[in-house]
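J.: Dropping in upload17.pdb, with PDB, C-alpha atoms and all ligand atoms.
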ATOM      1  CA  MET A   1    -145.797  10.181-133.641
ATOM      2  CA  SER A   2    -147.652   7.449-135.533
ATOM      3  CA  PHE A   3    -145.982   6.053-138.590
ATOM      4  CA  PHE A   4    -148.429   7.864-140.817
ATOM      5  CA  GLU A   5    -147.640  11.151-139.065
ATOM      6  CA  LYS A   6    -143.968  10.441-139.521
ATOM      7  CA  LEU A   7    -144.446   9.613-143.178
ATOM      8  CA  LYS A   8    -146.403  12.805-143.635
ATOM      9  CA  SER A   9    -143.773  14.873-141.907
ATOM     10  CA  GLY A  10    -141.060  13.098-143.903
ATOM     11  CA  LEU A  11    -142.859  13.951-147.100
ATOM     12  CA  SER A  12    -143.506  17.560-146.150
ATOM     13  CA  LYS A  13    -140.900  19.014-148.498
ATOM     14  CA  THR A  14    -142.170  16.995-151.418
ATOM     15  CA  ARG A  15    -145.681  18.054-150.542
ATOM     16  CA  GLU A  16    -144.774  21.732-150.497
ATOM     17  CA  ASN A  17    -143.036  21.460-153.828
ATOM     18  CA  PHE A  18    -145.635  19.318-155.450
ATOM     19  CA  THR A  19    -149.067  18.856-153.985
ATOM     20  CA  ASP A  20    -149.326  22.343-152.522
ATOM     21  CA  ARG A  21    -148.322  23.811-155.865
ATOM     22  CA  ILE A  22    -150.999  21.777-157.607
ATOM     23  CA  GLY A  23    -153.385  22.977-154.905
ATOM     24  CA  ASP A  24    -152.422  26.576-155.670
ATOM     25  CA  LEU A  25    -152.854  26.047-159.407
ATOM     26  CA  VAL A  26    -156.249  24.471-158.901
ATOM     27  CA  GLY A  27    -157.192  27.296-156.543
ATOM     28  CA  LEU A  28    -156.808  29.768-159.385
ATOM     29  CA  GLY A  29    -160.067  28.385-160.690
ATOM     30  CA  ALA A  30    -159.035  28.159-164.345
ATOM     31  CA  SER A  31    -160.571  25.594-166.640
ATOM     32  CA  ILE A  32    -158.676  22.499-167.724
ATOM     33  CA  ASP A  33    -157.198  23.975-170.868
ATOM     34  CA  ASP A  34    -153.768  23.716-172.473
ATOM     35  CA  ASP A  35    -152.331  26.418-170.213
ATOM     36  CA  PHE A  36    -153.535  24.620-167.134
ATOM     37  CA  LEU A  37    -152.115  21.321-168.360
ATOM     38  CA  ASP A  38    -148.780  22.984-169.203
ATOM     39  CA  GLU A  39    -148.570  24.381-165.684
ATOM     40  CA  LEU A  40    -149.489  21.045-164.193
ATOM     41  CA  GLU A  41    -146.856  19.358-166.327
ATOM     42  CA  MET A  42    -144.203  21.770-165.037
ATOM     43  CA  ILE A  43    -145.133  21.031-161.450
ATOM     44  CA  LEU A  44    -145.008  17.275-161.979
ATOM     45  CA  LEU A  45    -141.624  17.496-163.693
ATOM     46  CA  ALA A  46    -140.278  19.734-160.937
ATOM     47  CA  GLY A  47    -141.510  17.144-158.424
ATOM     48  CA  ASP A  48    -139.223  14.505-159.967
ATOM     49  CA  VAL A  49    -142.107  12.466-161.274
ATOM     50  CA  GLY A  50    -140.134  11.997-164.517
ATOM     51  CA  VAL A  51    -140.936  12.748-168.152
ATOM     52  CA  LYS A  52    -142.540   9.448-169.019
ATOM     53  CA  THR A  53    -144.828   9.333-166.004
ATOM     54  CA  THR A  54    -145.664  13.017-166.232
ATOM     55  CA  THR A  55    -146.720  12.605-169.848
ATOM     56  CA  LYS A  56    -148.885   9.679-168.865
ATOM     57  CA  LEU A  57    -150.529  11.606-166.032
ATOM     58  CA  ILE A  58    -151.127  14.696-168.152
ATOM     59  CA  GLU A  59    -152.699  12.605-170.898
ATOM     60  CA  ALA A  60    -154.915  10.921-168.314
ATOM     61  CA  VAL A  61    -156.095  14.326-167.035
ATOM     62  CA  ARG A  62    -156.658  15.583-170.578
ATOM     63  CA  LYS A  63    -158.711  12.522-171.441
ATOM     64  CA  ALA A  64    -160.696  12.663-168.195
ATOM     65  CA  ALA A  65    -161.495  16.310-168.867
ATOM     66  CA  LYS A  66    -162.581  15.501-172.401
ATOM     67  CA  ASP A  67    -164.758  12.598-171.206
ATOM     68  CA  ARG A  68    -166.144  14.855-168.495
ATOM     69  CA  THR A  69    -164.954  12.348-165.874
ATOM     70  CA  ILE A  70    -163.551  15.461-164.281
ATOM     71  CA  LYS A  71    -165.411  18.672-164.846
ATOM     72  CA  ASN A  72    -163.277  21.342-163.236
ATOM     73  CA  THR A  73    -159.799  21.966-161.893
ATOM     74  CA  GLN A  74    -160.950  21.193-158.342
ATOM     75  CA  GLU A  75    -161.379  17.593-159.388
ATOM     76  CA  VAL A  76    -157.863  17.305-160.752
ATOM     77  CA  LEU A  77    -156.106  16.579-157.475
ATOM     78  CA  PRO A  78    -158.446  13.754-156.394
ATOM     79  CA  PHE A  79    -158.184  12.370-159.933
ATOM     80  CA  LEU A  80    -154.374  12.455-159.840
ATOM     81  CA  LYS A  81    -154.409  10.869-156.429
ATOM     82  CA  LYS A  82    -156.446   7.934-157.666
ATOM     83  CA  THR A  83    -154.443   7.598-160.886
ATOM     84  CA  VAL A  84    -151.140   7.602-159.007
ATOM     85  CA  THR A  85    -152.433   5.036-156.506
ATOM     86  CA  ASP A  86    -153.432   2.784-159.400
ATOM     87  CA  LEU A  87    -150.033   3.251-161.056
ATOM     88  CA  LEU A  88    -148.247   2.276-157.883
ATOM     89  CA  HIS A  89    -150.174  -0.895-157.231
ATOM     90  CA  ASP A  90    -148.121  -3.978-157.815
ATOM     91  CA  ASP A  91    -148.684  -7.559-156.829
ATOM     92  CA  GLY A  92    -144.996  -8.129-156.326
ATOM     93  CA  GLN A  93    -144.827  -5.538-153.565
ATOM     94  CA  ARG A  94    -144.310  -7.923-150.677
ATOM     95  CA  MET A  95    -141.087  -9.717-150.106
ATOM     96  CA  ARG A  96    -141.544 -13.431-150.550
ATOM     97  CA  ILE A  97    -140.155 -15.526-147.742
ATOM     98  CA  ALA A  98    -141.134 -18.957-148.936
ATOM     99  CA  SER A  99    -138.074 -21.141-148.555
ATOM    100  CA  ARG A 100    -135.435 -21.298-145.879
ATOM    101  CA  PRO A 101    -133.090 -19.573-146.172
ATOM    102  CA  THR A 102    -134.509 -16.828-148.340
ATOM    103  CA  VAL A 103    -131.494 -14.972-149.657
ATOM    104  CA  VAL A 104    -131.801 -11.230-150.174
ATOM    105  CA  LEU A 105    -129.015  -9.519-152.063
ATOM    106  CA  VAL A 106    -128.811  -5.783-151.494
ATOM    107  CA  VAL A 107    -127.208  -3.649-154.205
ATOM    108  CA  GLY A 108    -126.787   0.030-155.006
ATOM    109  CA  VAL A 109    -124.132   2.700-155.241
ATOM    110  CA  ASN A 110    -122.059   3.872-152.318
ATOM    111  CA  GLY A 111    -123.851   5.990-149.756
ATOM    112  CA  VAL A 112    -127.447   5.307-150.781
ATOM    113  CA  GLY A 113    -128.182   3.485-147.539
ATOM    114  CA  LYS A 114    -127.612  -0.226-148.219
ATOM    115  CA  THR A 115    -126.048  -1.108-144.899
ATOM    116  CA  THR A 116    -128.572   0.955-142.962
ATOM    117  CA  THR A 117    -131.381  -0.705-144.897
ATOM    118  CA  ILE A 118    -130.081  -4.170-144.055
ATOM    119  CA  GLY A 119    -129.923  -3.162-140.399
ATOM    120  CA  LYS A 120    -133.512  -1.971-140.544
ATOM    121  CA  LEU A 121    -134.648  -5.103-142.385
ATOM    122  CA  ALA A 122    -132.892  -7.294-139.816
ATOM    123  CA  ASN A 123    -134.684  -5.455-137.044
ATOM    124  CA  TYR A 124    -138.023  -5.603-138.834
ATOM    125  CA  TYR A 125    -137.914  -9.352-139.390
ATOM    126  CA  HIS A 126    -136.437 -10.017-135.982
ATOM    127  CA  LEU A 127    -139.493  -8.319-134.488
ATOM    128  CA  PHE A 128    -141.620 -10.789-136.451
ATOM    129  CA  ASN A 129    -139.597 -13.694-135.047
ATOM    130  CA  TYR A 130    -137.689 -14.596-138.163
ATOM    131  CA  LYS A 131    -134.191 -15.960-137.740
ATOM    132  CA  VAL A 132    -131.988 -13.509-139.597
ATOM    133  CA  MET A 133    -128.339 -13.567-140.666
ATOM    134  CA  LEU A 134    -126.284 -10.816-142.261
ATOM    135  CA  ALA A 135    -123.314 -11.081-144.614
ATOM    136  CA  ALA A 136    -120.821  -8.211-144.812
ATOM    137  CA  GLY A 137    -120.163  -8.377-148.536
ATOM    138  CA  ASP A 138    -118.764  -4.843-148.600
ATOM    139  CA  THR A 139    -115.148  -5.585-147.790
ATOM    140  CA  PHE A 140    -113.707  -2.359-149.140
ATOM    141  CA  ARG A 141    -113.608  -0.658-145.762
ATOM    142  CA  ALA A 142    -113.338  -2.210-142.303
ATOM    143  CA  ALA A 143    -115.929   0.346-141.219
ATOM    144  CA  ALA A 144    -118.554  -1.237-143.469
ATOM    145  CA  ALA A 145    -118.411  -4.567-141.643
ATOM    146  CA  GLU A 146    -118.268  -2.785-138.281
ATOM    147  CA  GLN A 147    -121.372  -0.803-139.164
ATOM    148  CA  LEU A 148    -123.171  -4.011-140.099
ATOM    149  CA  LYS A 149    -122.089  -5.712-136.870
ATOM    150  CA  ILE A 150    -123.614  -2.896-134.830
ATOM    151  CA  TRP A 151    -126.891  -3.300-136.684
ATOM    152  CA  GLY A 152    -126.618  -7.060-136.218
ATOM    153  CA  GLU A 153    -126.257  -6.675-132.452
ATOM    154  CA  ARG A 154    -129.303  -4.438-132.298
ATOM    155  CA  ALA A 155    -131.349  -7.013-134.167
ATOM    156  CA  GLN A 156    -129.737  -9.905-132.297
ATOM    157  CA  CYS A 157    -128.592 -11.706-135.382
ATOM    158  CA  GLU A 158    -125.370 -13.266-136.526
ATOM    159  CA  VAL A 159    -123.129 -11.322-138.898
ATOM    160  CA  ILE A 160    -120.705 -13.136-141.179
ATOM    161  CA  ALA A 161    -117.720 -10.900-141.932
ATOM    162  CA  HIS A 162    -114.129 -11.222-143.094
ATOM    163  CA  GLU A 163    -111.236  -8.809-142.740
ATOM    164  CA  GLU A 164    -111.001  -5.653-144.822
ATOM    165  CA  GLY A 165    -109.976  -6.272-148.409
ATOM    166  CA  ALA A 166    -111.188  -9.874-148.412
ATOM    167  CA  ASP A 167    -112.949 -11.298-151.457
ATOM    168  CA  PRO A 168    -116.679 -10.554-151.130
ATOM    169  CA  ALA A 169    -117.405 -13.875-152.825
ATOM    170  CA  ALA A 170    -115.614 -15.659-149.968
ATOM    171  CA  VAL A 171    -117.809 -13.868-147.420
ATOM    172  CA  VAL A 172    -120.890 -14.870-149.375
ATOM    173  CA  PHE A 173    -119.672 -18.453-149.595
ATOM    174  CA  ASP A 174    -119.265 -18.639-145.814
ATOM    175  CA  ALA A 175    -122.574 -16.935-145.228
ATOM    176  CA  MET A 176    -124.449 -19.331-147.507
ATOM    177  CA  LYS A 177    -122.949 -22.346-145.714
ATOM    178  CA  ALA A 178    -123.700 -20.849-142.309
ATOM    179  CA  ALA A 179    -127.242 -19.830-143.216
ATOM    180  CA  ILE A 180    -128.060 -23.351-144.383
ATOM    181  CA  ALA A 181    -126.346 -25.016-141.407
ATOM    182  CA  ARG A 182    -128.060 -22.764-138.864
ATOM    183  CA  LYS A 183    -131.411 -22.915-140.614
ATOM    184  CA  VAL A 184    -131.932 -19.182-140.778
ATOM    185  CA  ASP A 185    -135.068 -17.845-142.407
ATOM    186  CA  LEU A 186    -133.455 -14.839-144.026
ATOM    187  CA  LEU A 187    -129.954 -14.049-145.157
ATOM    188  CA  PHE A 188    -129.289 -10.440-146.135
ATOM    189  CA  ILE A 189    -126.140  -9.853-148.173
ATOM    190  CA  ASP A 190    -124.545  -6.406-148.153
ATOM    191  CA  THR A 191    -122.456  -5.412-151.157
ATOM    192  CA  ALA A 192    -120.018  -2.647-152.003
ATOM    193  CA  GLY A 193    -121.243   0.180-154.159
ATOM    194  CA  ARG A 194    -117.923   1.750-154.982
ATOM    195  CA  LEU A 195    -117.388  -0.104-158.210
ATOM    196  CA  HIS A 196    -115.851   2.091-160.812
ATOM    197  CA  ASN A 197    -117.523   0.923-163.942
ATOM    198  CA  LYS A 198    -120.201  -1.338-165.253
ATOM    199  CA  ALA A 199    -117.830  -4.154-166.233
ATOM    200  CA  ASN A 200    -116.485  -4.191-162.698
ATOM    201  CA  LEU A 201    -119.920  -4.216-161.211
ATOM    202  CA  MET A 202    -121.100  -7.026-163.471
ATOM    203  CA  ASN A 203    -118.035  -9.031-162.664
ATOM    204  CA  GLU A 204    -118.433  -8.603-158.919
ATOM    205  CA  LEU A 205    -122.171  -9.230-158.789
ATOM    206  CA  GLY A 206    -121.862 -12.113-161.238
ATOM    207  CA  LYS A 207    -119.343 -13.811-159.000
ATOM    208  CA  ILE A 208    -121.529 -13.369-155.924
ATOM    209  CA  ASP A 209    -124.519 -14.689-157.831
ATOM    210  CA  ARG A 210    -122.665 -17.838-158.868
ATOM    211  CA  ILE A 211    -121.583 -18.532-155.296
ATOM    212  CA  ILE A 212    -125.144 -18.125-154.042
ATOM    213  CA  LYS A 213    -126.618 -20.336-156.765
ATOM    214  CA  ARG A 214    -124.084 -23.070-156.172
ATOM    215  CA  GLU A 215    -125.700 -23.590-152.757
ATOM    216  CA  ILE A 216    -129.297 -22.715-153.602
ATOM    217  CA  PRO A 217    -130.096 -22.612-157.325
ATOM    218  CA  GLU A 218    -133.235 -20.466-156.932
ATOM    219  CA  ALA A 219    -131.480 -17.879-154.755
ATOM    220  CA  PRO A 220    -131.181 -14.966-154.363
ATOM    221  CA  GLN A 221    -134.963 -14.938-154.144
ATOM    222  CA  GLU A 222    -134.856 -11.173-153.854
ATOM    223  CA  THR A 223    -132.389  -8.608-155.119
ATOM    224  CA  LEU A 224    -133.182  -5.238-153.647
ATOM    225  CA  LEU A 225    -131.830  -2.155-155.330
ATOM    226  CA  VAL A 226    -131.373   0.684-152.861
ATOM    227  CA  LEU A 227    -131.931   4.175-154.268
ATOM    228  CA  ASP A 228    -131.507   7.492-152.519
ATOM    229  CA  ALA A 229    -134.594   9.668-152.983
ATOM    230  CA  THR A 230    -132.610  12.870-152.512
ATOM    231  CA  THR A 231    -130.932  12.253-155.871
ATOM    232  CA  GLY A 232    -134.296  12.440-157.642
ATOM    233  CA  GLN A 233    -134.129  11.556-161.323
ATOM    234  CA  ASN A 234    -130.465  10.576-161.008
ATOM    235  CA  ALA A 235    -131.653   7.598-159.019
ATOM    236  CA  ILE A 236    -133.435   6.401-162.143
ATOM    237  CA  THR A 237    -130.261   6.681-164.187
ATOM    238  CA  GLN A 238    -128.310   4.790-161.531
ATOM    239  CA  ALA A 239    -130.958   2.117-161.403
ATOM    240  CA  LYS A 240    -130.691   1.440-165.119
ATOM    241  CA  VAL A 241    -127.055   0.411-164.722
ATOM    242  CA  PHE A 242    -127.989  -2.058-162.006
ATOM    243  CA  LEU A 243    -130.867  -3.432-164.027
ATOM    244  CA  GLU A 244    -128.343  -4.405-166.683
ATOM    245  CA  THR A 245    -126.143  -6.183-164.185
ATOM    246  CA  ALA A 246    -128.442  -7.847-161.681
ATOM    247  CA  HIS A 247    -131.870  -9.432-161.596
ATOM    248  CA  VAL A 248    -133.422  -6.739-159.444
ATOM    249  CA  THR A 249    -136.770  -7.708-157.908
ATOM    250  CA  GLY A 250    -137.573  -4.496-156.084
ATOM    251  CA  VAL A 251    -136.467  -1.113-154.880
ATOM    252  CA  VAL A 252    -135.795   0.302-151.443
ATOM    253  CA  LEU A 253    -136.159   4.051-151.578
ATOM    254  CA  THR A 254    -134.223   5.704-148.758
ATOM    255  CA  LYS A 255    -134.001   9.226-147.370
ATOM    256  CA  LEU A 256    -137.537  10.218-148.255
ATOM    257  CA  ASP A 257    -137.396  12.328-145.130
ATOM    258  CA  GLY A 258    -136.289  15.838-145.823
ATOM    259  CA  THR A 259    -136.249  15.780-149.607
ATOM    260  CA  ALA A 260    -138.521  17.527-152.086
ATOM    261  CA  LYS A 261    -137.881  14.782-154.616
ATOM    262  CA  GLY A 262    -140.328  12.198-153.271
ATOM    263  CA  GLY A 263    -142.186  12.218-156.585
ATOM    264  CA  VAL A 264    -139.454   9.900-157.805
ATOM    265  CA  VAL A 265    -141.412   7.017-156.231
ATOM    266  CA  ILE A 266    -143.918   7.358-159.034
ATOM    267  CA  ALA A 267    -141.199   7.403-161.682
ATOM    268  CA  ILE A 268    -139.522   4.254-160.362
ATOM    269  CA  LYS A 269    -142.522   2.082-160.969
ATOM    270  CA  GLU A 270    -143.302   3.579-164.356
ATOM    271  CA  GLU A 271    -139.844   4.052-165.811
ATOM    272  CA  LEU A 272    -138.120   1.030-164.359
ATOM    273  CA  GLY A 273    -141.040  -1.360-164.080
ATOM    274  CA  LEU A 274    -139.957  -2.206-160.553
ATOM    275  CA  PRO A 275    -142.026  -2.204-157.401
ATOM    276  CA  VAL A 276    -140.874  -0.072-154.506
ATOM    277  CA  LYS A 277    -140.912  -2.565-151.645
ATOM    278  CA  TRP A 278    -139.591  -0.538-148.733
ATOM    279  CA  ILE A 279    -139.064   3.081-147.862
ATOM    280  CA  GLY A 280    -136.618   4.732-145.488
ATOM    281  CA  ILE A 281    -137.666   7.901-143.734
ATOM    282  CA  GLY A 282    -134.835   8.463-141.299
ATOM    283  CA  GLU A 283    -131.612   7.042-139.931
ATOM    284  CA  GLY A 284    -133.123   5.175-136.993
ATOM    285  CA  GLN A 285    -133.923   1.510-136.846
ATOM    286  CA  MET A 286    -137.668   2.109-136.895
ATOM    287  CA  ASP A 287    -137.605   4.713-139.664
ATOM    288  CA  PHE A 288    -138.438   2.083-142.187
ATOM    289  CA  ARG A 289    -141.605   0.476-143.487
ATOM    290  CA  PRO A 290    -142.991  -1.664-146.270
ATOM    291  CA  PHE A 291    -144.110   0.619-149.047
ATOM    292  CA  GLU A 292    -147.892   0.922-149.072
ATOM    293  CA  PRO A 293    -149.104   2.881-152.116
ATOM    294  CA  ASP A 294    -152.391   3.955-150.524
ATOM    295  CA  LYS A 295    -150.781   5.400-147.434
ATOM    296  CA  PHE A 296    -147.973   6.945-149.394
ATOM    297  CA  VAL A 297    -150.312   8.703-151.788
ATOM    298  CA  GLU A 298    -152.514   9.753-148.896
ATOM    299  CA  ALA A 299    -149.530  11.339-147.165
ATOM    300  CA  LEU A 300    -148.273  12.899-150.380
ATOM    301  CA  PHE A 301    -151.569  14.352-151.500
ATOM    302  CA  GLU A 302    -152.794  15.760-148.254
ATOM    303  CA  THR A 303    -152.675  19.441-149.112
ATOM    304  CA  LYS A 304    -152.728  22.307-146.672
ATOM    305  CA  ASP A 305    -156.244  23.360-147.572
ATOM    306  CA  ALA A 306    -157.802  20.178-148.866
ATOM    307  CA  PRO A 307    -160.585  18.774-146.708
ATOM    308  CA  GLN A 308    -159.636  15.724-144.649
ATOM    309  CA  GLU A 309    -161.000  12.545-146.103
ATOM    310  CA  ALA A 310    -162.474   9.960-143.823
TER     311      ALA A 310
HETATM  312  N1  LIG B   1    -132.160  10.723-143.416
HETATM  313  C1  LIG B   1    -131.932   9.458-143.779
HETATM  314  N2  LIG B   1    -130.671   9.008-143.807
HETATM  315  C2  LIG B   1    -130.461   7.728-144.184
HETATM  316  C3  LIG B   1    -131.534   6.859-144.544
HETATM  317  N3  LIG B   1    -130.990   5.661-144.888
HETATM  318  C4  LIG B   1    -129.651   5.782-144.730
HETATM  319  N4  LIG B   1    -129.318   7.017-144.313
HETATM  320  C5  LIG B   1    -127.979   7.566-144.038
HETATM  321  O1  LIG B   1    -127.204   7.553-145.232
HETATM  322  C6  LIG B   1    -125.824   7.367-144.946
HETATM  323  C7  LIG B   1    -125.265   6.235-145.782
HETATM  324  O2  LIG B   1    -125.872   5.029-145.381
HETATM  325  P1  LIG B   1    -125.171   3.606-145.558
HETATM  326  O3  LIG B   1    -126.154   2.595-145.092
HETATM  327  O4  LIG B   1    -123.829   3.584-144.941
HETATM  328  O5  LIG B   1    -125.018   3.549-147.155
HETATM  329  P2  LIG B   1    -124.305   2.429-148.053
HETATM  330  O6  LIG B   1    -122.978   2.999-148.461
HETATM  331  O7  LIG B   1    -125.185   2.250-149.248
HETATM  332  O8  LIG B   1    -124.188   1.199-147.247
HETATM  333  C8  LIG B   1    -125.760   7.118-143.451
HETATM  334  O9  LIG B   1    -125.380   8.295-142.804
HETATM  335  C9  LIG B   1    -127.185   6.724-143.073
HETATM  336  O10 LIG B   1    -127.511   7.029-141.731
HETATM  337  C10 LIG B   1    -132.875   7.391-144.511
HETATM  338  O11 LIG B   1    -133.878   6.736-144.826
HETATM  339  N5  LIG B   1    -133.000   8.690-144.116
HETATM  340 MG    MG B   2    -122.510   0.110-146.745
END
Just dump the structure as structure tokens.
Ligand SMILES: Nc1nc2c(ncn2[C@@H]2O[C@H](COP(=O)(O)OP(=O)(O)O)[C@@H](O)[C@H]2O)c(=O)[nH]1
Ligand SMILES: [Mg+2]

T.:
Amino acid sequence: MSFFEKLKSGLSKTRENFTDRIGDLVGLGASIDDDFLDELEMILLAGDVGVKTTTKLIEAVRKAAKDRTIKNTQEVLPFLKKTVTDLLHDDGQRMRIASRPTVVLVVGVNGVGKTTTIGKLANYYHLFNYKVMLAAGDTFRAAAAEQLKIWGERAQCEVIAHEEGADPAAVVFDAMKAAIARKVDLLFIDTAGRLHNKANLMNELGKIDRIIKREIPEAPQETLLVLDATTGQNAITQAKVFLETAHVTGVVLTKLDGTAKGGVVIAIKEELGLPVKWIGIGEGQMDFRPFEPDKFVEALFETKDAPQEA
């Protein structure tokens, strides 16, 4: 299966719940009136696109209909497709790997897929011949470091880890020293997500940040917030807490495979002002790609009865 096929199959539930329903609505042949827009709004909200983004999209359709940019309901889907693609475009999409080492801090709540994401990132950059190092900053469970070591072996990169219960800041300190000494291109730092409250989280991330900056003042160059797509709009709520505690530069949206809540991608950009940089569409090492708005929208909006576009 090509990656696009895989993306399409991963997004199939979202498509059924979202694009196909829009397709059905459009198929009814009604004009673009208030009833039509209400229905469309319901579908977008049910697709986890979020209130703010949905309102924006509905207003765009209303205006386009008024301007006669779109003349009938059949033109609504292509119009939405283009509007969503435009919304998702962001110059900051790509990860910047300018200086050596580029430090990438990975944050997010427990279970969203941080460690898996780091493993996939390590593999991805290893394939492009970058020298990668991993830091096991989640010291709450021995299993967390073990999991990271397995990923590290697969990607043939060094993993800096301490024993269970160690201070994450100490792991980060060692990793920073090692990354500089061994001239690695990329250092990915895993963190624990099981922090009970915001004060705790701020404290922990603040400490890690100070340790990193002591070695490299402009690092971490990237702070990736990992969000689980299956949680839909809750992911947005979670993200807001992290935005208050860390300088997040982008989002990794995991578990897009097998969820109907893929519309949350659109909400992330609009409601959080953050680019989605990577997406996870499975548990395997290759089930991971840079987020490309065009391809994503193409996969999302390919309806069962829409003609194939060249
Ligand atoms: N289906 C699917 N599962 C994923 C994806 N990313 C991570 N997982 C699974 O989610 C679970 C939690 O992942 P983990 O990396 O340990 O989360 P962490 O607690 O944030 O480090 C594991 O079972 C992973 O295999 C994904 O893109 N798709
Ligand atoms: Mg983990």

J.: For this file, the PyMOL selection byres (((not hetatm)) within 6 of (chain B and resi 1)) selects which residues, as a ChimeraX atom specification?

T.: /A:110-116,254-255,257,280-283

J.: Residues contacting ligand MG 2 (chain B) - anything with an atom at most 10 Å away, using only C-alpha atoms and all ligand atoms - can you give me those as a ChimeraX atom specification?

T.: /A:106-118,136-141,143-148,190-194

J.: Evaluate the PyMOL selection byres (((chain A and resi 10-18) around 9) and not hetatm) here and jot the selected residues down as a PyMOL selection string.

T.: chain A and resi 5-9+19-23+43-44+46-47+255-263+281-282+296+299-304

J.: Go ahead and dump the residues you just picked, C-alpha atoms, as a tab-separated table (two decimals), keeping the file's coordinate frame.

T.:
chain	number	residue	atom	x	y	z
A	5	GLU	CA	-147.64	11.15	-139.06
A	6	LYS	CA	-143.97	10.44	-139.52
A	7	LEU	CA	-144.45	9.61	-143.18
A	8	LYS	CA	-146.40	12.80	-143.64
A	9	SER	CA	-143.77	14.87	-141.91
A	19	THR	CA	-149.07	18.86	-153.99
A	20	ASP	CA	-149.33	22.34	-152.52
A	21	ARG	CA	-148.32	23.81	-155.86
A	22	ILE	CA	-151.00	21.78	-157.61
A	23	GLY	CA	-153.38	22.98	-154.90
A	43	ILE	CA	-145.13	21.03	-161.45
A	44	LEU	CA	-145.01	17.27	-161.98
A	46	ALA	CA	-140.28	19.73	-160.94
A	47	GLY	CA	-141.51	17.14	-158.42
A	255	LYS	CA	-134.00	9.23	-147.37
A	256	LEU	CA	-137.54	10.22	-148.26
A	257	ASP	CA	-137.40	12.33	-145.13
A	258	GLY	CA	-136.29	15.84	-145.82
A	259	THR	CA	-136.25	15.78	-149.61
A	260	ALA	CA	-138.52	17.53	-152.09
A	261	LYS	CA	-137.88	14.78	-154.62
A	262	GLY	CA	-140.33	12.20	-153.27
A	263	GLY	CA	-142.19	12.22	-156.58
A	281	ILE	CA	-137.67	7.90	-143.73
A	282	GLY	CA	-134.84	8.46	-141.30
A	296	PHE	CA	-147.97	6.94	-149.39
A	299	ALA	CA	-149.53	11.34	-147.16
A	300	LEU	CA	-148.27	12.90	-150.38
A	301	PHE	CA	-151.57	14.35	-151.50
A	302	GLU	CA	-152.79	15.76	-148.25
A	303	THR	CA	-152.68	19.44	-149.11
A	304	LYS	CA	-152.73	22.31	-146.67

J.: For Ala30 of chain A, which residue among A:Leu45, A:Val51, A:Val76, A:Val241 is the nearest when counting only C-alpha atoms?

T.: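 Closest residue, counting only C-alpha atoms: A:Val76.
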
J.: Which polymer residues have any atom within 12 Å of an atom of Leu87 of chain A, counting all atoms listed in the file, with same-chain residues fewer than 5 positions away left out, as a VMD selection string?

T.: chain A and resid 53 to 54 56 to 57 60 80 to 82 265 to 271 273 to 276 293 to 294 297

J.: Can I get the selected residues back with C-alpha atoms, as a PDB file, in the frame of the given file?

T.:
ATOM      1  CA  THR A  53    -144.828   9.333-166.004  1.00  0.00           C
ATOM      2  CA  THR A  54    -145.664  13.017-166.232  1.00  0.00           C
ATOM      3  CA  LYS A  56    -148.885   9.679-168.865  1.00  0.00           C
ATOM      4  CA  LEU A  57    -150.529  11.606-166.032  1.00  0.00           C
ATOM      5  CA  ALA A  60    -154.915  10.921-168.314  1.00  0.00           C
ATOM      6  CA  LEU A  80    -154.374  12.455-159.840  1.00  0.00           C
ATOM      7  CA  LYS A  81    -154.409  10.869-156.429  1.00  0.00           C
ATOM      8  CA  LYS A  82    -156.446   7.934-157.666  1.00  0.00           C
ATOM      9  CA  VAL A 265    -141.412   7.017-156.231  1.00  0.00           C
ATOM     10  CA  ILE A 266    -143.918   7.358-159.034  1.00  0.00           C
ATOM     11  CA  ALA A 267    -141.199   7.403-161.682  1.00  0.00           C
ATOM     12  CA  ILE A 268    -139.522   4.254-160.362  1.00  0.00           C
ATOM     13  CA  LYS A 269    -142.522   2.082-160.969  1.00  0.00           C
ATOM     14  CA  GLU A 270    -143.302   3.579-164.356  1.00  0.00           C
ATOM     15  CA  GLU A 271    -139.844   4.052-165.811  1.00  0.00           C
ATOM     16  CA  GLY A 273    -141.040  -1.360-164.080  1.00  0.00           C
ATOM     17  CA  LEU A 274    -139.957  -2.206-160.553  1.00  0.00           C
ATOM     18  CA  PRO A 275    -142.026  -2.204-157.401  1.00  0.00           C
ATOM     19  CA  VAL A 276    -140.874  -0.072-154.506  1.00  0.00           C
ATOM     20  CA  PRO A 293    -149.104   2.881-152.116  1.00  0.00           C
ATOM     21  CA  ASP A 294    -152.391   3.955-150.524  1.00  0.00           C
ATOM     22  CA  VAL A 297    -150.312   8.703-151.788  1.00  0.00           C
TER      23      VAL A 297
END

J.: What's the separation between atom CA of Phe3 of chain A and atom CA of Arg289 of chain A, in Å to one decimal place?

T.: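 Rounded to one decimal, the two atoms are 8.6 Å apart.
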
J.: Carefully work through the PyMOL selection byres (((chain A and resi 154-159) around 8) and not hetatm) for this structure and note down the residues it includes, as a PyMOL selection string.

T.: chain A and resi 119+122-123+126+131-136+148-153+160-161

J.: Would you put the residues from that selection into a file with C-alpha atoms, as a compact mmCIF listing (two decimals), in the coordinates of the input?

T.:
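Heads up, here's the output in out-v4.txt:
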# COMPACT_ATOMS: atom_id res chain seq x y z
CA GLY A 119 -129.92 -3.16 -140.40
CA ALA A 122 -132.89 -7.29 -139.82
CA ASN A 123 -134.68 -5.46 -137.04
CA HIS A 126 -136.44 -10.02 -135.98
CA LYS A 131 -134.19 -15.96 -137.74
CA VAL A 132 -131.99 -13.51 -139.60
CA MET A 133 -128.34 -13.57 -140.67
CA LEU A 134 -126.28 -10.82 -142.26
CA ALA A 135 -123.31 -11.08 -144.61
CA ALA A 136 -120.82 -8.21 -144.81
CA LEU A 148 -123.17 -4.01 -140.10
CA LYS A 149 -122.09 -5.71 -136.87
CA ILE A 150 -123.61 -2.90 -134.83
CA TRP A 151 -126.89 -3.30 -136.68
CA GLY A 152 -126.62 -7.06 -136.22
CA GLU A 153 -126.26 -6.68 -132.45
CA ILE A 160 -120.70 -13.14 -141.18
CA ALA A 161 -117.72 -10.90 -141.93
